[in-house]
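Source file: coords-v1.txt (compact mmCIF, N, CA and C atoms)
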```
# COMPACT_ATOMS: atom_id res chain seq x y z
N MET A 185 41.30 -25.44 -28.24
CA MET A 185 40.14 -25.10 -29.06
C MET A 185 39.27 -26.34 -29.22
N THR A 186 38.00 -26.18 -28.97
CA THR A 186 37.09 -27.31 -29.10
C THR A 186 36.72 -27.51 -30.56
N ASN A 187 36.47 -28.75 -30.91
CA ASN A 187 36.05 -29.06 -32.28
C ASN A 187 34.61 -28.64 -32.46
N LYS A 188 34.37 -27.79 -33.43
CA LYS A 188 33.01 -27.41 -33.74
C LYS A 188 32.39 -28.47 -34.63
N ALA A 189 31.09 -28.48 -34.66
CA ALA A 189 30.35 -29.49 -35.43
C ALA A 189 30.48 -29.25 -36.93
N ILE A 190 30.25 -30.32 -37.65
CA ILE A 190 30.09 -30.29 -39.10
C ILE A 190 28.60 -30.50 -39.35
N LEU A 191 27.99 -29.66 -40.16
CA LEU A 191 26.60 -29.88 -40.54
C LEU A 191 26.60 -30.54 -41.91
N LEU A 192 26.15 -31.77 -41.95
CA LEU A 192 26.03 -32.53 -43.19
C LEU A 192 24.57 -32.49 -43.62
N VAL A 193 24.30 -31.88 -44.77
CA VAL A 193 22.94 -31.78 -45.28
C VAL A 193 22.86 -32.75 -46.47
N GLU A 194 22.28 -33.91 -46.21
CA GLU A 194 22.30 -35.02 -47.17
C GLU A 194 21.04 -35.86 -47.01
N ASP A 195 20.31 -36.08 -48.10
CA ASP A 195 19.07 -36.84 -48.02
C ASP A 195 19.21 -38.31 -48.38
N HIS A 196 20.31 -38.70 -49.02
CA HIS A 196 20.48 -40.10 -49.41
C HIS A 196 21.23 -40.87 -48.31
N PRO A 197 20.60 -41.88 -47.71
CA PRO A 197 21.25 -42.63 -46.63
C PRO A 197 22.60 -43.23 -47.03
N ASP A 198 22.74 -43.70 -48.27
CA ASP A 198 24.02 -44.28 -48.69
C ASP A 198 25.13 -43.22 -48.72
N ASP A 199 24.81 -42.03 -49.22
CA ASP A 199 25.81 -40.96 -49.26
C ASP A 199 26.13 -40.46 -47.86
N GLU A 200 25.12 -40.43 -46.99
CA GLU A 200 25.36 -40.05 -45.59
C GLU A 200 26.32 -41.05 -44.95
N GLU A 201 26.05 -42.33 -45.14
CA GLU A 201 26.91 -43.37 -44.56
C GLU A 201 28.33 -43.29 -45.12
N LEU A 202 28.46 -43.10 -46.43
CA LEU A 202 29.78 -42.97 -47.04
C LEU A 202 30.55 -41.78 -46.45
N THR A 203 29.87 -40.66 -46.28
CA THR A 203 30.51 -39.48 -45.72
C THR A 203 30.95 -39.74 -44.28
N MET A 204 30.09 -40.36 -43.50
CA MET A 204 30.43 -40.66 -42.11
C MET A 204 31.62 -41.62 -42.04
N ARG A 205 31.62 -42.65 -42.90
CA ARG A 205 32.74 -43.60 -42.93
C ARG A 205 34.03 -42.90 -43.33
N ALA A 206 33.95 -42.03 -44.32
CA ALA A 206 35.15 -41.32 -44.79
C ALA A 206 35.69 -40.38 -43.71
N LEU A 207 34.81 -39.70 -42.99
CA LEU A 207 35.25 -38.84 -41.89
C LEU A 207 35.95 -39.66 -40.82
N LYS A 208 35.34 -40.79 -40.45
CA LYS A 208 35.92 -41.64 -39.41
C LYS A 208 37.27 -42.21 -39.88
N LYS A 209 37.32 -42.69 -41.12
CA LYS A 209 38.55 -43.26 -41.67
C LYS A 209 39.69 -42.24 -41.65
N ASN A 210 39.36 -40.99 -41.80
CA ASN A 210 40.37 -39.93 -41.84
C ASN A 210 40.56 -39.24 -40.49
N ASN A 211 40.07 -39.88 -39.43
CA ASN A 211 40.24 -39.38 -38.05
C ASN A 211 39.72 -37.97 -37.84
N ILE A 212 38.66 -37.63 -38.53
CA ILE A 212 38.00 -36.35 -38.30
C ILE A 212 36.97 -36.60 -37.21
N LYS A 213 37.24 -36.06 -36.03
CA LYS A 213 36.46 -36.40 -34.85
C LYS A 213 35.40 -35.37 -34.48
N ASN A 214 35.22 -34.37 -35.31
CA ASN A 214 34.19 -33.37 -35.03
C ASN A 214 32.83 -34.04 -34.98
N GLU A 215 31.97 -33.54 -34.12
CA GLU A 215 30.58 -34.00 -34.11
C GLU A 215 29.98 -33.71 -35.48
N VAL A 216 29.19 -34.63 -35.99
CA VAL A 216 28.52 -34.42 -37.27
C VAL A 216 27.02 -34.37 -37.00
N VAL A 217 26.42 -33.26 -37.34
CA VAL A 217 24.97 -33.09 -37.25
C VAL A 217 24.44 -33.32 -38.66
N VAL A 218 23.46 -34.22 -38.78
CA VAL A 218 22.92 -34.54 -40.10
C VAL A 218 21.52 -33.95 -40.24
N ALA A 219 21.32 -33.22 -41.33
CA ALA A 219 20.00 -32.73 -41.71
C ALA A 219 19.67 -33.43 -43.02
N ARG A 220 18.48 -34.00 -43.11
CA ARG A 220 18.13 -34.82 -44.27
C ARG A 220 17.27 -34.10 -45.31
N ASP A 221 17.02 -32.82 -45.08
CA ASP A 221 16.35 -31.99 -46.08
C ASP A 221 16.66 -30.53 -45.77
N GLY A 222 16.28 -29.66 -46.69
CA GLY A 222 16.59 -28.26 -46.52
C GLY A 222 15.90 -27.61 -45.34
N VAL A 223 14.67 -28.02 -45.06
CA VAL A 223 13.94 -27.46 -43.91
C VAL A 223 14.67 -27.80 -42.61
N GLU A 224 15.08 -29.05 -42.47
CA GLU A 224 15.78 -29.48 -41.26
C GLU A 224 17.10 -28.72 -41.09
N ALA A 225 17.80 -28.48 -42.18
CA ALA A 225 19.06 -27.72 -42.12
C ALA A 225 18.81 -26.30 -41.62
N LEU A 226 17.81 -25.63 -42.18
CA LEU A 226 17.50 -24.27 -41.77
C LEU A 226 17.00 -24.21 -40.33
N GLU A 227 16.19 -25.19 -39.93
CA GLU A 227 15.73 -25.23 -38.54
C GLU A 227 16.91 -25.36 -37.58
N TYR A 228 17.88 -26.21 -37.92
CA TYR A 228 19.07 -26.36 -37.08
C TYR A 228 19.84 -25.04 -37.00
N LEU A 229 20.10 -24.45 -38.14
CA LEU A 229 20.92 -23.24 -38.17
C LEU A 229 20.27 -22.04 -37.49
N PHE A 230 18.95 -21.94 -37.59
CA PHE A 230 18.26 -20.78 -37.03
C PHE A 230 17.50 -21.08 -35.74
N GLY A 231 17.64 -22.30 -35.22
CA GLY A 231 17.04 -22.64 -33.92
C GLY A 231 15.53 -22.60 -33.92
N THR A 232 14.93 -23.15 -34.96
CA THR A 232 13.47 -23.18 -35.04
C THR A 232 13.00 -24.63 -35.15
N GLY A 233 11.68 -24.83 -35.15
CA GLY A 233 11.12 -26.17 -35.33
C GLY A 233 11.67 -27.15 -34.32
N ALA A 234 12.15 -28.29 -34.80
CA ALA A 234 12.68 -29.34 -33.93
C ALA A 234 13.92 -28.89 -33.16
N HIS A 235 14.55 -27.80 -33.61
CA HIS A 235 15.77 -27.30 -32.96
C HIS A 235 15.53 -26.00 -32.20
N ALA A 236 14.27 -25.71 -31.89
CA ALA A 236 13.94 -24.51 -31.13
C ALA A 236 14.69 -24.55 -29.79
N GLY A 237 15.30 -23.43 -29.44
CA GLY A 237 16.03 -23.35 -28.19
C GLY A 237 17.50 -23.75 -28.29
N ARG A 238 17.93 -24.20 -29.46
CA ARG A 238 19.33 -24.56 -29.63
C ARG A 238 20.20 -23.33 -29.43
N ASP A 239 21.38 -23.51 -28.82
CA ASP A 239 22.31 -22.42 -28.58
C ASP A 239 22.88 -21.93 -29.91
N LEU A 240 22.42 -20.80 -30.37
CA LEU A 240 22.82 -20.28 -31.68
C LEU A 240 24.21 -19.67 -31.68
N THR A 241 24.86 -19.61 -30.53
CA THR A 241 26.25 -19.17 -30.52
C THR A 241 27.17 -20.31 -30.96
N GLN A 242 26.64 -21.52 -31.01
CA GLN A 242 27.41 -22.70 -31.43
C GLN A 242 27.04 -23.07 -32.87
N MET A 243 27.67 -22.42 -33.80
CA MET A 243 27.42 -22.69 -35.22
C MET A 243 28.41 -23.73 -35.72
N PRO A 244 28.05 -24.45 -36.76
CA PRO A 244 28.99 -25.44 -37.30
C PRO A 244 30.23 -24.78 -37.87
N GLN A 245 31.32 -25.52 -37.87
CA GLN A 245 32.55 -25.00 -38.46
C GLN A 245 32.48 -25.02 -39.98
N ILE A 246 31.72 -25.98 -40.49
CA ILE A 246 31.54 -26.10 -41.94
C ILE A 246 30.20 -26.76 -42.23
N ILE A 247 29.63 -26.42 -43.36
CA ILE A 247 28.40 -27.04 -43.83
C ILE A 247 28.72 -27.77 -45.13
N LEU A 248 28.44 -29.07 -45.16
CA LEU A 248 28.56 -29.87 -46.37
C LEU A 248 27.16 -30.00 -46.92
N LEU A 249 26.89 -29.35 -48.03
CA LEU A 249 25.53 -29.16 -48.52
C LEU A 249 25.29 -29.85 -49.85
N ASP A 250 24.37 -30.81 -49.85
CA ASP A 250 23.92 -31.41 -51.11
C ASP A 250 22.96 -30.43 -51.77
N LEU A 251 22.83 -30.48 -53.07
CA LEU A 251 21.92 -29.57 -53.76
C LEU A 251 20.53 -30.16 -53.96
N LYS A 252 20.46 -31.42 -54.31
CA LYS A 252 19.18 -32.06 -54.62
C LYS A 252 18.56 -32.59 -53.34
N LEU A 253 17.79 -31.73 -52.68
CA LEU A 253 17.19 -32.06 -51.38
C LEU A 253 15.68 -31.95 -51.45
N PRO A 254 14.99 -32.74 -50.62
CA PRO A 254 13.53 -32.58 -50.54
C PRO A 254 13.16 -31.32 -49.75
N LYS A 255 11.93 -30.91 -49.91
CA LYS A 255 11.30 -29.77 -49.23
C LYS A 255 11.88 -28.44 -49.68
N ILE A 256 13.15 -28.17 -49.36
CA ILE A 256 13.82 -26.96 -49.82
C ILE A 256 15.16 -27.41 -50.38
N ASP A 257 15.46 -27.04 -51.63
CA ASP A 257 16.71 -27.52 -52.24
C ASP A 257 17.92 -26.79 -51.69
N GLY A 258 19.10 -27.32 -51.99
CA GLY A 258 20.33 -26.78 -51.46
C GLY A 258 20.62 -25.36 -51.87
N LEU A 259 20.24 -24.98 -53.09
CA LEU A 259 20.46 -23.61 -53.53
C LEU A 259 19.64 -22.62 -52.71
N GLU A 260 18.42 -22.98 -52.38
CA GLU A 260 17.59 -22.10 -51.55
C GLU A 260 18.13 -22.04 -50.12
N VAL A 261 18.63 -23.16 -49.61
CA VAL A 261 19.26 -23.16 -48.28
C VAL A 261 20.43 -22.18 -48.30
N LEU A 262 21.27 -22.27 -49.32
CA LEU A 262 22.42 -21.38 -49.46
C LEU A 262 21.98 -19.92 -49.54
N ARG A 263 20.95 -19.66 -50.32
CA ARG A 263 20.43 -18.28 -50.46
C ARG A 263 20.02 -17.73 -49.08
N ARG A 264 19.32 -18.53 -48.31
CA ARG A 264 18.84 -18.06 -46.99
C ARG A 264 20.00 -17.90 -46.00
N LEU A 265 20.99 -18.78 -46.09
CA LEU A 265 22.16 -18.64 -45.21
C LEU A 265 22.88 -17.33 -45.45
N ARG A 266 23.09 -17.02 -46.72
CA ARG A 266 23.85 -15.82 -47.06
C ARG A 266 23.06 -14.54 -46.82
N ALA A 267 21.75 -14.64 -46.72
CA ALA A 267 20.91 -13.47 -46.48
C ALA A 267 20.80 -13.11 -45.01
N ASP A 268 21.30 -13.95 -44.12
CA ASP A 268 21.14 -13.73 -42.68
C ASP A 268 22.51 -13.42 -42.06
N ASP A 269 22.58 -12.35 -41.27
CA ASP A 269 23.85 -11.94 -40.66
C ASP A 269 24.45 -13.03 -39.77
N ARG A 270 23.61 -13.87 -39.18
CA ARG A 270 24.13 -14.91 -38.27
C ARG A 270 24.86 -16.03 -39.00
N THR A 271 24.57 -16.21 -40.28
CA THR A 271 25.12 -17.35 -41.01
C THR A 271 25.84 -16.98 -42.30
N LYS A 272 25.89 -15.71 -42.62
CA LYS A 272 26.40 -15.32 -43.94
C LYS A 272 27.87 -15.66 -44.16
N PHE A 273 28.64 -15.83 -43.09
CA PHE A 273 30.07 -16.14 -43.25
C PHE A 273 30.42 -17.59 -42.96
N LEU A 274 29.42 -18.43 -42.66
CA LEU A 274 29.72 -19.84 -42.42
C LEU A 274 30.26 -20.48 -43.70
N PRO A 275 31.36 -21.24 -43.59
CA PRO A 275 31.87 -21.92 -44.78
C PRO A 275 30.89 -22.98 -45.27
N VAL A 276 30.56 -22.92 -46.54
CA VAL A 276 29.64 -23.88 -47.15
C VAL A 276 30.34 -24.54 -48.34
N VAL A 277 30.47 -25.86 -48.23
CA VAL A 277 31.00 -26.65 -49.33
C VAL A 277 29.83 -27.39 -49.95
N VAL A 278 29.54 -27.10 -51.20
CA VAL A 278 28.52 -27.85 -51.90
C VAL A 278 29.16 -29.20 -52.25
N LEU A 279 28.57 -30.26 -51.72
CA LEU A 279 29.07 -31.63 -51.93
C LEU A 279 27.93 -32.39 -52.59
N THR A 280 28.04 -32.56 -53.89
CA THR A 280 26.90 -33.05 -54.66
C THR A 280 27.36 -33.93 -55.81
N SER A 281 26.44 -34.68 -56.35
CA SER A 281 26.75 -35.48 -57.53
C SER A 281 26.43 -34.73 -58.82
N SER A 282 25.86 -33.55 -58.71
CA SER A 282 25.47 -32.77 -59.88
C SER A 282 26.69 -32.31 -60.68
N LYS A 283 26.63 -32.55 -61.98
CA LYS A 283 27.68 -32.08 -62.89
C LYS A 283 27.15 -30.94 -63.75
N GLU A 284 25.95 -30.47 -63.45
CA GLU A 284 25.33 -29.43 -64.26
C GLU A 284 26.02 -28.09 -64.06
N GLU A 285 26.45 -27.50 -65.16
CA GLU A 285 27.16 -26.22 -65.09
C GLU A 285 26.33 -25.15 -64.39
N GLN A 286 25.02 -25.15 -64.62
CA GLN A 286 24.16 -24.15 -63.98
C GLN A 286 24.17 -24.29 -62.46
N ASP A 287 24.29 -25.52 -61.94
CA ASP A 287 24.37 -25.70 -60.48
C ASP A 287 25.67 -25.15 -59.93
N ILE A 288 26.76 -25.36 -60.66
CA ILE A 288 28.07 -24.84 -60.23
C ILE A 288 28.03 -23.31 -60.21
N VAL A 289 27.57 -22.72 -61.30
CA VAL A 289 27.53 -21.26 -61.40
C VAL A 289 26.61 -20.68 -60.33
N LYS A 290 25.42 -21.23 -60.19
CA LYS A 290 24.45 -20.71 -59.21
C LYS A 290 24.98 -20.85 -57.79
N SER A 291 25.65 -21.96 -57.49
CA SER A 291 26.22 -22.16 -56.15
C SER A 291 27.21 -21.05 -55.81
N TYR A 292 28.09 -20.75 -56.74
CA TYR A 292 29.06 -19.68 -56.49
C TYR A 292 28.40 -18.31 -56.47
N GLN A 293 27.40 -18.09 -57.31
CA GLN A 293 26.69 -16.81 -57.29
C GLN A 293 26.02 -16.58 -55.93
N LEU A 294 25.56 -17.66 -55.32
CA LEU A 294 24.87 -17.54 -54.04
C LEU A 294 25.82 -17.56 -52.84
N GLY A 295 27.12 -17.69 -53.10
CA GLY A 295 28.09 -17.57 -52.01
C GLY A 295 28.69 -18.85 -51.50
N ALA A 296 28.61 -19.94 -52.25
CA ALA A 296 29.29 -21.17 -51.83
C ALA A 296 30.79 -20.90 -51.77
N ASN A 297 31.46 -21.50 -50.79
CA ASN A 297 32.90 -21.35 -50.68
C ASN A 297 33.65 -22.35 -51.56
N SER A 298 32.98 -23.46 -51.87
CA SER A 298 33.61 -24.50 -52.67
C SER A 298 32.52 -25.38 -53.27
N TYR A 299 32.85 -26.02 -54.39
CA TYR A 299 31.91 -26.94 -55.05
C TYR A 299 32.69 -28.22 -55.33
N VAL A 300 32.26 -29.31 -54.73
CA VAL A 300 32.95 -30.60 -54.87
C VAL A 300 31.96 -31.64 -55.37
N ARG A 301 32.31 -32.29 -56.48
CA ARG A 301 31.50 -33.38 -56.97
C ARG A 301 31.85 -34.65 -56.20
N LYS A 302 30.84 -35.37 -55.76
CA LYS A 302 31.07 -36.61 -55.03
C LYS A 302 31.65 -37.66 -55.98
N PRO A 303 32.85 -38.14 -55.68
CA PRO A 303 33.36 -39.25 -56.48
C PRO A 303 32.56 -40.52 -56.21
N VAL A 304 32.43 -41.37 -57.23
CA VAL A 304 31.67 -42.62 -57.08
C VAL A 304 32.47 -43.64 -56.28
N ASP A 305 33.76 -43.73 -56.53
CA ASP A 305 34.62 -44.69 -55.87
C ASP A 305 34.88 -44.29 -54.41
N PHE A 306 34.76 -45.25 -53.46
CA PHE A 306 34.90 -44.92 -52.05
C PHE A 306 36.30 -44.38 -51.73
N GLN A 307 37.34 -44.95 -52.32
CA GLN A 307 38.70 -44.48 -52.04
C GLN A 307 38.86 -43.02 -52.48
N GLU A 308 38.33 -42.69 -53.64
CA GLU A 308 38.39 -41.30 -54.12
C GLU A 308 37.54 -40.40 -53.24
N PHE A 309 36.37 -40.89 -52.83
CA PHE A 309 35.49 -40.12 -51.95
C PHE A 309 36.18 -39.87 -50.62
N SER A 310 36.80 -40.92 -50.07
CA SER A 310 37.51 -40.80 -48.80
C SER A 310 38.64 -39.77 -48.90
N GLN A 311 39.37 -39.79 -50.01
CA GLN A 311 40.45 -38.83 -50.22
C GLN A 311 39.90 -37.41 -50.31
N ALA A 312 38.77 -37.25 -51.00
CA ALA A 312 38.15 -35.93 -51.11
C ALA A 312 37.73 -35.42 -49.73
N VAL A 313 37.14 -36.29 -48.90
CA VAL A 313 36.73 -35.90 -47.55
C VAL A 313 37.95 -35.55 -46.70
N GLN A 314 39.03 -36.32 -46.85
CA GLN A 314 40.25 -36.03 -46.10
C GLN A 314 40.76 -34.64 -46.48
N ASN A 315 40.78 -34.34 -47.77
CA ASN A 315 41.25 -33.02 -48.22
C ASN A 315 40.34 -31.90 -47.71
N LEU A 316 39.03 -32.13 -47.75
CA LEU A 316 38.09 -31.14 -47.22
C LEU A 316 38.34 -30.91 -45.74
N GLY A 317 38.50 -32.01 -44.99
CA GLY A 317 38.74 -31.89 -43.56
C GLY A 317 40.02 -31.15 -43.26
N LEU A 318 41.09 -31.51 -43.95
CA LEU A 318 42.37 -30.85 -43.73
C LEU A 318 42.26 -29.35 -43.98
N TYR A 319 41.66 -28.99 -45.08
CA TYR A 319 41.58 -27.57 -45.41
C TYR A 319 40.60 -26.82 -44.50
N TRP A 320 39.34 -27.26 -44.49
CA TRP A 320 38.29 -26.49 -43.82
C TRP A 320 38.31 -26.58 -42.30
N LEU A 321 38.80 -27.68 -41.75
CA LEU A 321 38.78 -27.84 -40.29
C LEU A 321 40.10 -27.48 -39.64
N ILE A 322 41.20 -27.50 -40.41
CA ILE A 322 42.51 -27.24 -39.81
C ILE A 322 43.15 -25.97 -40.37
N LEU A 323 43.26 -25.88 -41.69
CA LEU A 323 44.00 -24.78 -42.29
C LEU A 323 43.21 -23.48 -42.42
N ASN A 324 41.94 -23.56 -42.74
CA ASN A 324 41.13 -22.38 -42.99
C ASN A 324 40.93 -21.55 -41.72
N GLU A 325 41.06 -20.24 -41.86
CA GLU A 325 40.72 -19.32 -40.78
C GLU A 325 39.30 -18.85 -41.00
N SER A 326 38.42 -19.20 -40.08
CA SER A 326 37.02 -18.79 -40.19
C SER A 326 36.87 -17.32 -39.83
N ALA A 327 35.80 -16.72 -40.31
CA ALA A 327 35.48 -15.34 -39.94
C ALA A 327 35.19 -15.31 -38.45
N PRO A 328 35.56 -14.22 -37.77
CA PRO A 328 35.25 -14.11 -36.34
C PRO A 328 33.75 -14.24 -36.10
N GLU A 329 33.40 -14.69 -34.89
CA GLU A 329 31.99 -14.89 -34.53
C GLU A 329 31.17 -13.62 -34.77
N ARG A 330 31.71 -12.49 -34.38
CA ARG A 330 31.00 -11.21 -34.56
C ARG A 330 31.77 -10.38 -35.56
N VAL A 331 31.22 -10.23 -36.73
CA VAL A 331 31.90 -9.42 -37.75
C VAL A 331 31.17 -8.11 -37.88
```
Using structure tokens, write down the structure that the file contains.
Amino acid sequence: MTNKAILLVEDHPDDEELTMRALKKNNIKNEVVVARDGVEALEYLFGTGAHAGRDLTQMPQIILLDLKLPKIDGLEVLRRLRADDRTKFLPVVVLTSSKEEQDIVKSYQLGANSYVRKPVDFQEFSQAVQNLGLYWLILNESAPERV
């Protein structure tokens, strides 16, 4: 089985770098596609804009989605993913620094599979990424391509 990509939707360069370091440290070798705002994430997933012509049969195995994004926020990205038959079953882990109860509730209402607060400490962050990788990339059974 080939490793499917991870879509990391993150606008802060420091958090992007921390996530990439944590993935590497934990030997997660999946390709990581980075989208730095909500528009870029949707263009990648639906093969539009800069990603026009992308093979849409190759969807990411997991989406790590920040909520506080420029252009289109993470909640709207999630809403659009769940509204489209091509992406409605993709695993989405909200990975954010938000501690706001309304963000947690809204994320789950819109179909997030998990909500993880980014730990400040790198060791804790690395452990969180390792746990996410173990569960979502190895243990979890994804929905079949055609449901």
Handout entry: One-decimal distance in Å that lies between atom C of Arg205 (chain A) and atom C of Asp305 (chain A)
Key =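 Distance reported for this atom pair: 11.2 Å.
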Practice task
Write out as a list of chain:residue names each polymer residue whose atoms come within 6.5 Å of Arg266 (chain A), counting only N, CA and C atoms; drop sequence neighbours fewer than 6 positions from it.
Solution key: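 Here the qualifying residues turn out to be A:Lys272, A:Phe273, A:Leu294.
Here CA of Val277 (chain A) and CA of Gly233 (chain A) stand 24.3 Å from one another.
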Problem - Nearest-residue call for Gly317 (chain A), choices A:Ala189, A:Gln293, A:Thr203, A:Ile212, using all atoms listed in the file - result: A:Ile212
Residue list (helix (DSSP H, G or I), DSSP) for region 265-304 of chain A, as a PDB file with N, CA and C atoms, keeping the file's coordinate frame:
```
ATOM      1  N   LEU A 265      20.990 -18.780 -46.090  1.00  0.00           N
ATOM      2  CA  LEU A 265      22.160 -18.640 -45.210  1.00  0.00           C
ATOM      3  C   LEU A 265      22.880 -17.330 -45.450  1.00  0.00           C
ATOM      4  N   ARG A 266      23.090 -17.020 -46.720  1.00  0.00           N
ATOM      5  CA  ARG A 266      23.850 -15.820 -47.060  1.00  0.00           C
ATOM      6  C   ARG A 266      23.060 -14.540 -46.820  1.00  0.00           C
ATOM      7  N   ALA A 267      21.750 -14.640 -46.720  1.00  0.00           N
ATOM      8  CA  ALA A 267      20.910 -13.470 -46.480  1.00  0.00           C
ATOM      9  C   ALA A 267      20.800 -13.110 -45.010  1.00  0.00           C
ATOM     10  N   GLU A 285      26.450 -27.500 -65.160  1.00  0.00           N
ATOM     11  CA  GLU A 285      27.160 -26.220 -65.090  1.00  0.00           C
ATOM     12  C   GLU A 285      26.330 -25.150 -64.390  1.00  0.00           C
ATOM     13  N   GLN A 286      25.020 -25.150 -64.620  1.00  0.00           N
ATOM     14  CA  GLN A 286      24.160 -24.150 -63.980  1.00  0.00           C
ATOM     15  C   GLN A 286      24.170 -24.290 -62.460  1.00  0.00           C
ATOM     16  N   ASP A 287      24.290 -25.520 -61.940  1.00  0.00           N
ATOM     17  CA  ASP A 287      24.370 -25.700 -60.480  1.00  0.00           C
ATOM     18  C   ASP A 287      25.670 -25.150 -59.930  1.00  0.00           C
ATOM     19  N   ILE A 288      26.760 -25.360 -60.660  1.00  0.00           N
ATOM     20  CA  ILE A 288      28.070 -24.840 -60.230  1.00  0.00           C
ATOM     21  C   ILE A 288      28.030 -23.310 -60.210  1.00  0.00           C
ATOM     22  N   VAL A 289      27.570 -22.720 -61.300  1.00  0.00           N
ATOM     23  CA  VAL A 289      27.530 -21.260 -61.400  1.00  0.00           C
ATOM     24  C   VAL A 289      26.610 -20.680 -60.330  1.00  0.00           C
ATOM     25  N   LYS A 290      25.420 -21.230 -60.190  1.00  0.00           N
ATOM     26  CA  LYS A 290      24.450 -20.710 -59.210  1.00  0.00           C
ATOM     27  C   LYS A 290      24.980 -20.850 -57.790  1.00  0.00           C
ATOM     28  N   SER A 291      25.650 -21.960 -57.490  1.00  0.00           N
ATOM     29  CA  SER A 291      26.220 -22.160 -56.150  1.00  0.00           C
ATOM     30  C   SER A 291      27.210 -21.050 -55.810  1.00  0.00           C
ATOM     31  N   TYR A 292      28.090 -20.750 -56.740  1.00  0.00           N
ATOM     32  CA  TYR A 292      29.060 -19.680 -56.490  1.00  0.00           C
ATOM     33  C   TYR A 292      28.400 -18.310 -56.470  1.00  0.00           C
ATOM     34  N   GLN A 293      27.400 -18.090 -57.310  1.00  0.00           N
ATOM     35  CA  GLN A 293      26.690 -16.810 -57.290  1.00  0.00           C
ATOM     36  C   GLN A 293      26.020 -16.580 -55.930  1.00  0.00           C
TER      37      GLN A 293
END
```
Problem - Between atom C of Val193 (chain A) and CA of Trp320 (chain A), distance in Å (one decimal) - result: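 Between atom C of Val193 (chain A) and CA of Trp320 (chain A) the gap is 16.9 Å.
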Exercise for the section: Compile the contact shell of Lys255 (chain A) as a PyMOL selection string: residues with an atom at most 7 Å away, counting only N, CA and C atoms, same-chain residues fewer than 2 positions apart removed. Expected result: chain A and resi 221-223+253+257
Problem - strand (DSSP E) positions in region 195-308 of chain A, given as a ChimeraX atom specification - result: /A:216-219,246-249,276-280,298-301
